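Reviewing the structure listed below.
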There are 2 protein chains.
Amino acid sequence: MTTSYDEPAVPSGGGGLVRYRLDIAYDGTDFCGWARQTAQRSVQGEIEDALATILRLERPPRLTVAGRTDAGVHATGQVAHVDLPAHAEAYRLLRALNGVLANDVRVQRVAIAPAGFDARFSALQRRYEFRVSDAPYGASPLRRRDTMHHDRPLDLGDMQAAAAALVGLHDFRAFCRLRVGATTIRLLLRLSCARDGDIVTVTVEADAFCHSMVRSLVGALIAVGDGRQRPDWPAGLLNADRRSDVVTVAQARGLTLVEVTFPPDEDLAARAESTRATRSLSS
Amino acid sequence: MTTSYDEPAVPSGGGGLVRYRLDIAYDGTDFCGWARQTAQRSVQGEIEDALATILRLERPPRLTVAGRTDAGVHATGQVAHVDLPAHAEAYRLLRALNGVLANDVRVQRVAIAPAGFDARFSALQRRYEFRVSDAPYGASPLRRRDTMHHDRPLDLGDMQAAAAALVGLHDFRAFCRLRVGATTIRLLLRLSCARDGDIVTVTVEADAFCHSMVRSLVGALIAVGDGRQRPDWPAGLLNADRRSDVVTVAQARGLTLVEVTFPPDEDLAARAESTRATRSLSS
């Protein structure tokens, strides 16, 4: 989800600016997604505008994010960076931001970023969780905003078998909305399914994802879980030469970005450099 | 919360009627509470009206509930009973009800009630959980509907000490909104506090509660947790002769009824009889 956009990386501390790391959580229900769009409410736009208000900046500063999320997708562990005038004090920023922001988005932590930190390019891994309920009565009311309801029972064993066969380095083109020039080869580190009562949680982890890949993977697993497809079907789509028409993209509401992992501080700059090189080579 | 109302208990199977047990979950945010009120949206009213629509009844049937909840209070484990014409088929009712109801209330299970079952009088225990976050940034967006935010850090150890001293058989008058003729003597079976990250969960269990007792107990524990009161303060209020002015009632949004316990089927009728006798003796 993060590789197909190009954003300029502002150098840390350049021009009297200091780079801050922001840890962010949001309920994506009432947002058009992470990315700022004209005339629609975005997470990026809300936070950038709040920063401009608090710091009395002429123009909103630009946030760079680890995992761009689509409309309706949530986050409990989103990470972004932003370069701000050096006089901004981290704890005051935290209090002020959360005072200005609506309560469906919270900045959970503000800290001066270590040298070489880039929320997008330094990140090692992104982890998502997808919640789907197969209860006959629908999603539990208190979790209905972050749970998809599926009207047929899901077989966990079949889903687990299908998921295991997808882990590894593959061309996930069948599961990606194609962007010109962007690679669809990805190292899928984890794809696992667990059940707790009526809720099946699918956990997906990779260094990066192409667009709509997570929800397509989940959509394929659900098709296996309810018996429409056999457990070996999703792996059979790997290394296809185009997006599959039969893979359904699972509902945004079930998906939450839960964690972004970064290397130790001393490796941040090297990681960012190597990511940039790989991405430009492969795209 | 359940003892100070008098509702007629319709005998099971009387007049061609069959008694059904309904297990119910709701997000209380947009309800005026459980109890039907004129011109306001209540959980009871929504379900009764849905039953009338589905079964084409002239008048809505009357639900009897295990734990009446106030405006804004949630449930994941509410139980009610209702007497319906014998032709109603349980699984069809479940599907039809959830088709008609808005998604902030779900009927999770419909079953013909065992003989002697009364959702209010057969119940042995009610268990509530209260979620409060002391994170500086507020409640997590995806759980903001069922989490209260407290702006000062909470000391778990002090809260636990205060809670332990309240367990047992006491006159909880200081923690109850008084109703004429109703007893405030209660056997508090459990009052415990646990922390998971920024969330402190208070678990409260008793055979029954008087009105606003759970939220007053939590309010007292929060006053201890943030240092406004000492850990021995709440127990010092026990056996007072009136409601305490200094006990704050904690916000409804943090509270969820999570479980109602019933005795084995063969003891249901005896339990209902003994509850009715105790309640009338004591009130």
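Identifiers for the structure tokens are assigned positionally: chains receive A, B, ... in sequence, residues are indexed from 1 per chain, and ligands are indexed from 1 in the order shown.
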
When the cut-off is 10 Å and we count only C-alpha atoms, which residues of chain B are near chain A, given as JSON, numbers by chain?
-> {"B": [24, 25, 26, 27, 28, 29, 74, 75, 76, 91, 94, 95, 96, 97, 98, 99, 102, 103, 104, 105, 106, 107, 108, 109, 135, 136, 137, 138, 139, 140, 141, 142, 143, 144, 145, 146, 256]}

Stretch 132-164 of chain B: residues DSSP assigns to strand (DSSP E or B), reported as a PyMOL selection string = chain B and resi 132-133+148-149

Residue contacts of stretch 198-203 of chain B (9 Å, only C-alpha atoms) excluding same-chain residues fewer than 4 positions away, as a list in words =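 After dropping sequence-adjacent residues, the list is Arg127, Tyr128, Glu129, Phe130, Arg131, Val132, Ser133, Asp134, Ala135, Ala139, Thr147, Leu154, Leu156, Arg190, Leu191, Ser192, Cys193, Ala194, Val218 and Leu221 of chain B.
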
Expected answer as a PDB file with C-alpha atoms, in the first residue's frame: helix (DSSP H, G or I) residues in stretch 100-227 of chain B:
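Full text of result18.pdb as output:
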```
ATOM      1  CA  VAL B 100     -35.224  -5.647  10.960  1.00  0.00           C
ATOM      2  CA  PRO B 141     -10.651   5.738  18.399  1.00  0.00           C
ATOM      3  CA  LEU B 142     -11.989   2.259  17.682  1.00  0.00           C
ATOM      4  CA  ARG B 143     -13.043   1.771  21.317  1.00  0.00           C
ATOM      5  CA  ARG B 144     -14.093   5.319  22.122  1.00  0.00           C
ATOM      6  CA  ARG B 145     -17.755   4.343  22.309  1.00  0.00           C
ATOM      7  CA  ASP B 146     -17.217   1.947  25.219  1.00  0.00           C
ATOM      8  CA  LEU B 156      -3.843   0.354  39.858  1.00  0.00           C
ATOM      9  CA  GLY B 157      -2.571  -0.852  43.240  1.00  0.00           C
ATOM     10  CA  ASP B 158      -4.537   1.788  45.145  1.00  0.00           C
ATOM     11  CA  MET B 159      -7.662   0.979  43.140  1.00  0.00           C
ATOM     12  CA  GLN B 160      -7.248  -2.736  43.839  1.00  0.00           C
ATOM     13  CA  ALA B 161      -6.846  -2.142  47.569  1.00  0.00           C
ATOM     14  CA  ALA B 162      -9.934   0.060  47.679  1.00  0.00           C
ATOM     15  CA  ALA B 163     -11.929  -2.461  45.642  1.00  0.00           C
ATOM     16  CA  ALA B 164     -11.040  -5.440  47.829  1.00  0.00           C
ATOM     17  CA  ARG B 173     -26.655   3.204  50.358  1.00  0.00           C
ATOM     18  CA  ALA B 174     -23.821   5.690  49.852  1.00  0.00           C
ATOM     19  CA  PHE B 175     -23.393   4.308  46.313  1.00  0.00           C
ATOM     20  CA  MET B 213     -24.457   1.412  42.099  1.00  0.00           C
ATOM     21  CA  VAL B 214     -21.961   0.055  39.556  1.00  0.00           C
ATOM     22  CA  ARG B 215     -21.045   3.455  38.173  1.00  0.00           C
ATOM     23  CA  SER B 216     -20.808   4.929  41.705  1.00  0.00           C
ATOM     24  CA  LEU B 217     -18.433   2.161  42.780  1.00  0.00           C
ATOM     25  CA  VAL B 218     -16.294   2.840  39.715  1.00  0.00           C
ATOM     26  CA  GLY B 219     -16.438   6.585  40.345  1.00  0.00           C
ATOM     27  CA  ALA B 220     -15.148   6.017  43.872  1.00  0.00           C
ATOM     28  CA  LEU B 221     -12.329   3.768  42.619  1.00  0.00           C
ATOM     29  CA  ILE B 222     -11.281   6.379  40.060  1.00  0.00           C
ATOM     30  CA  ALA B 223     -11.136   9.032  42.808  1.00  0.00           C
ATOM     31  CA  VAL B 224      -8.764   6.692  44.652  1.00  0.00           C
ATOM     32  CA  GLY B 225      -6.789   5.860  41.514  1.00  0.00           C
TER      33      GLY B 225
END
```

Could you name the residues that touch B:Gln44 at 12 Å or less, counting only C-alpha atoms, but leaving out those on the same chain fewer than 3 positions away, as an MDAnalysis selection string?
-> chainID B and resid 22 24:26 28 31:38 40:41 47:51 60:70 78:82 101 105:107

Could you save those same residues with N, CA and C atoms as a short mmCIF file (atom, residue, chain, number, x, y, z; two decimals), in the first residue's frame?
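Here's the written file result29.cif:
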```
data_model
loop_
_atom_site.label_atom_id
_atom_site.label_comp_id
_atom_site.auth_asym_id
_atom_site.auth_seq_id
_atom_site.Cartn_x
_atom_site.Cartn_y
_atom_site.Cartn_z
N LEU B 22 -33.99 -14.55 24.94
CA LEU B 22 -33.23 -13.79 23.94
C LEU B 22 -31.90 -13.35 24.56
N ILE B 24 -28.83 -10.81 23.99
CA ILE B 24 -28.83 -9.53 23.27
C ILE B 24 -27.53 -8.77 23.50
N ALA B 25 -27.06 -8.10 22.47
CA ALA B 25 -25.89 -7.21 22.59
C ALA B 25 -26.25 -5.86 21.99
N TYR B 26 -25.76 -4.79 22.59
CA TYR B 26 -26.01 -3.47 22.00
C TYR B 26 -24.93 -2.47 22.36
N GLY B 28 -24.83 1.05 23.46
CA GLY B 28 -25.83 1.90 24.11
C GLY B 28 -25.77 3.38 23.73
N PHE B 31 -28.98 5.02 22.42
CA PHE B 31 -30.24 4.62 23.05
C PHE B 31 -30.47 5.43 24.34
N CYS B 32 -31.73 5.60 24.69
CA CYS B 32 -32.05 6.26 25.96
C CYS B 32 -31.96 5.26 27.11
N GLY B 33 -31.46 4.07 26.82
CA GLY B 33 -31.33 3.01 27.82
C GLY B 33 -32.11 1.78 27.39
N TRP B 34 -32.17 0.77 28.26
CA TRP B 34 -32.95 -0.42 27.95
C TRP B 34 -34.43 -0.10 27.87
N ALA B 35 -34.94 0.57 28.90
CA ALA B 35 -36.39 0.65 29.12
C ALA B 35 -37.11 1.51 28.10
N ARG B 36 -38.23 1.01 27.63
CA ARG B 36 -39.05 1.72 26.66
C ARG B 36 -39.50 3.06 27.24
N GLN B 37 -39.36 4.10 26.46
CA GLN B 37 -39.84 5.42 26.85
C GLN B 37 -40.53 6.04 25.65
N THR B 38 -41.50 6.85 25.92
CA THR B 38 -42.23 7.49 24.84
C THR B 38 -41.28 8.39 24.06
N GLN B 40 -38.51 8.19 22.70
CA GLN B 40 -37.05 8.04 22.67
C GLN B 40 -36.70 6.63 22.25
N ARG B 41 -35.53 6.48 21.67
CA ARG B 41 -35.14 5.18 21.14
C ARG B 41 -34.55 4.32 22.26
N ILE B 47 -36.69 -3.78 20.05
CA ILE B 47 -36.87 -5.24 19.89
C ILE B 47 -38.35 -5.60 19.95
N GLU B 48 -39.08 -4.99 20.88
CA GLU B 48 -40.52 -5.27 20.97
C GLU B 48 -41.23 -4.89 19.66
N ASP B 49 -40.88 -3.73 19.12
CA ASP B 49 -41.52 -3.30 17.88
C ASP B 49 -41.13 -4.23 16.71
N ALA B 50 -39.87 -4.67 16.71
CA ALA B 50 -39.43 -5.59 15.65
C ALA B 50 -40.21 -6.91 15.74
N LEU B 51 -40.42 -7.41 16.96
CA LEU B 51 -41.19 -8.65 17.13
C LEU B 51 -42.62 -8.47 16.65
N PRO B 60 -47.13 -4.66 20.55
CA PRO B 60 -45.81 -5.24 20.82
C PRO B 60 -45.86 -6.15 22.04
N PRO B 61 -45.18 -7.31 21.98
CA PRO B 61 -45.09 -8.17 23.17
C PRO B 61 -44.18 -7.50 24.19
N ARG B 62 -44.26 -7.93 25.45
CA ARG B 62 -43.52 -7.27 26.53
C ARG B 62 -42.27 -8.07 26.86
N LEU B 63 -41.10 -7.44 26.78
CA LEU B 63 -39.83 -8.09 27.15
C LEU B 63 -39.56 -7.88 28.63
N THR B 64 -39.04 -8.93 29.29
CA THR B 64 -38.57 -8.80 30.67
C THR B 64 -37.06 -9.04 30.65
N VAL B 65 -36.31 -8.17 31.29
CA VAL B 65 -34.86 -8.17 31.11
C VAL B 65 -34.13 -8.50 32.40
N ALA B 66 -32.94 -9.07 32.25
CA ALA B 66 -32.13 -9.42 33.43
C ALA B 66 -31.48 -8.19 34.04
N GLY B 67 -30.95 -7.29 33.22
CA GLY B 67 -30.25 -6.12 33.75
C GLY B 67 -30.65 -4.87 33.01
N ARG B 68 -31.52 -4.08 33.63
CA ARG B 68 -31.88 -2.79 33.00
C ARG B 68 -30.65 -1.93 32.93
N THR B 69 -30.39 -1.37 31.78
CA THR B 69 -29.22 -0.50 31.65
C THR B 69 -29.68 0.93 31.37
N ASP B 70 -28.91 1.88 31.89
CA ASP B 70 -29.21 3.30 31.72
C ASP B 70 -28.79 3.78 30.32
N GLN B 78 -26.55 -9.35 27.53
CA GLN B 78 -27.87 -9.10 28.10
C GLN B 78 -28.78 -10.31 27.84
N VAL B 79 -29.72 -10.56 28.75
CA VAL B 79 -30.69 -11.65 28.59
C VAL B 79 -32.08 -11.11 28.87
N ALA B 80 -33.04 -11.50 28.03
CA ALA B 80 -34.44 -11.12 28.26
C ALA B 80 -35.32 -12.31 27.95
N HIS B 81 -36.56 -12.27 28.43
CA HIS B 81 -37.53 -13.26 27.96
C HIS B 81 -38.76 -12.56 27.44
N VAL B 82 -39.49 -13.30 26.60
CA VAL B 82 -40.71 -12.76 26.01
C VAL B 82 -41.64 -13.93 25.70
N LEU B 101 -33.72 -5.12 12.82
CA LEU B 101 -33.07 -4.22 13.78
C LEU B 101 -31.91 -3.46 13.17
N VAL B 105 -27.88 -2.90 17.64
CA VAL B 105 -28.43 -3.91 18.55
C VAL B 105 -28.56 -5.23 17.78
N ARG B 106 -28.12 -6.29 18.40
CA ARG B 106 -28.16 -7.61 17.79
C ARG B 106 -28.78 -8.60 18.77
N VAL B 107 -29.67 -9.44 18.27
CA VAL B 107 -30.13 -10.56 19.06
C VAL B 107 -29.24 -11.74 18.69
#
```

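Taking atom CA of B:Gly236 and atom CA of B:Val249 as the two end points, the separation is 17.4 Å.
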
Name the residues in contact with A:Glu89 at a cut-off of 12 Å, using only C-alpha atoms, excluding same-chain residues fewer than 6 positions from it; report them as JSON, numbers by chain.
-> {"A": [18, 19, 20, 54, 55, 95, 96, 97, 110, 111, 112]}

Go ahead and save the residues from that selection, with N, CA and C atoms, as an mmCIF file, in the first residue's frame.
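Ended up saving to again-v7.cif:
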```cif
data_model
loop_
_atom_site.group_PDB
_atom_site.id
_atom_site.type_symbol
_atom_site.label_atom_id
_atom_site.label_comp_id
_atom_site.auth_asym_id
_atom_site.auth_seq_id
_atom_site.Cartn_x
_atom_site.Cartn_y
_atom_site.Cartn_z
ATOM 1 N N VAL A 18 12.886 20.423 12.479
ATOM 2 C CA VAL A 18 13.196 19.207 13.219
ATOM 3 C C VAL A 18 12.185 18.143 12.802
ATOM 4 N N ARG A 19 12.663 16.917 12.623
ATOM 5 C CA ARG A 19 11.767 15.839 12.218
ATOM 6 C C ARG A 19 11.146 15.178 13.444
ATOM 7 N N TYR A 20 9.828 15.060 13.428
ATOM 8 C CA TYR A 20 9.084 14.409 14.510
ATOM 9 C C TYR A 20 8.476 13.106 14.006
ATOM 10 N N ILE A 54 -2.092 24.917 15.337
ATOM 11 C CA ILE A 54 -1.378 24.970 16.610
ATOM 12 C C ILE A 54 -0.098 25.786 16.494
ATOM 13 N N LEU A 55 0.633 25.550 15.406
ATOM 14 C CA LEU A 55 1.942 26.197 15.253
ATOM 15 C C LEU A 55 1.844 27.515 14.469
ATOM 16 N N ARG A 95 -0.541 17.125 23.460
ATOM 17 C CA ARG A 95 -1.751 17.616 24.126
ATOM 18 C C ARG A 95 -2.549 18.524 23.198
ATOM 19 N N ALA A 96 -1.854 19.413 22.516
ATOM 20 C CA ALA A 96 -2.545 20.385 21.663
ATOM 21 C C ALA A 96 -3.227 19.691 20.485
ATOM 22 N N LEU A 97 -2.523 18.746 19.863
ATOM 23 C CA LEU A 97 -3.096 18.029 18.717
ATOM 24 C C LEU A 97 -4.380 17.319 19.101
ATOM 25 N N VAL A 110 4.168 11.685 20.310
ATOM 26 C CA VAL A 110 4.958 12.612 19.489
ATOM 27 C C VAL A 110 6.369 12.584 20.044
ATOM 28 N N ALA A 111 7.362 12.390 19.180
ATOM 29 C CA ALA A 111 8.752 12.368 19.651
ATOM 30 C C ALA A 111 9.656 12.890 18.548
ATOM 31 N N ILE A 112 10.759 13.516 18.953
ATOM 32 C CA ILE A 112 11.752 13.908 17.953
ATOM 33 C C ILE A 112 12.321 12.631 17.345
#
```
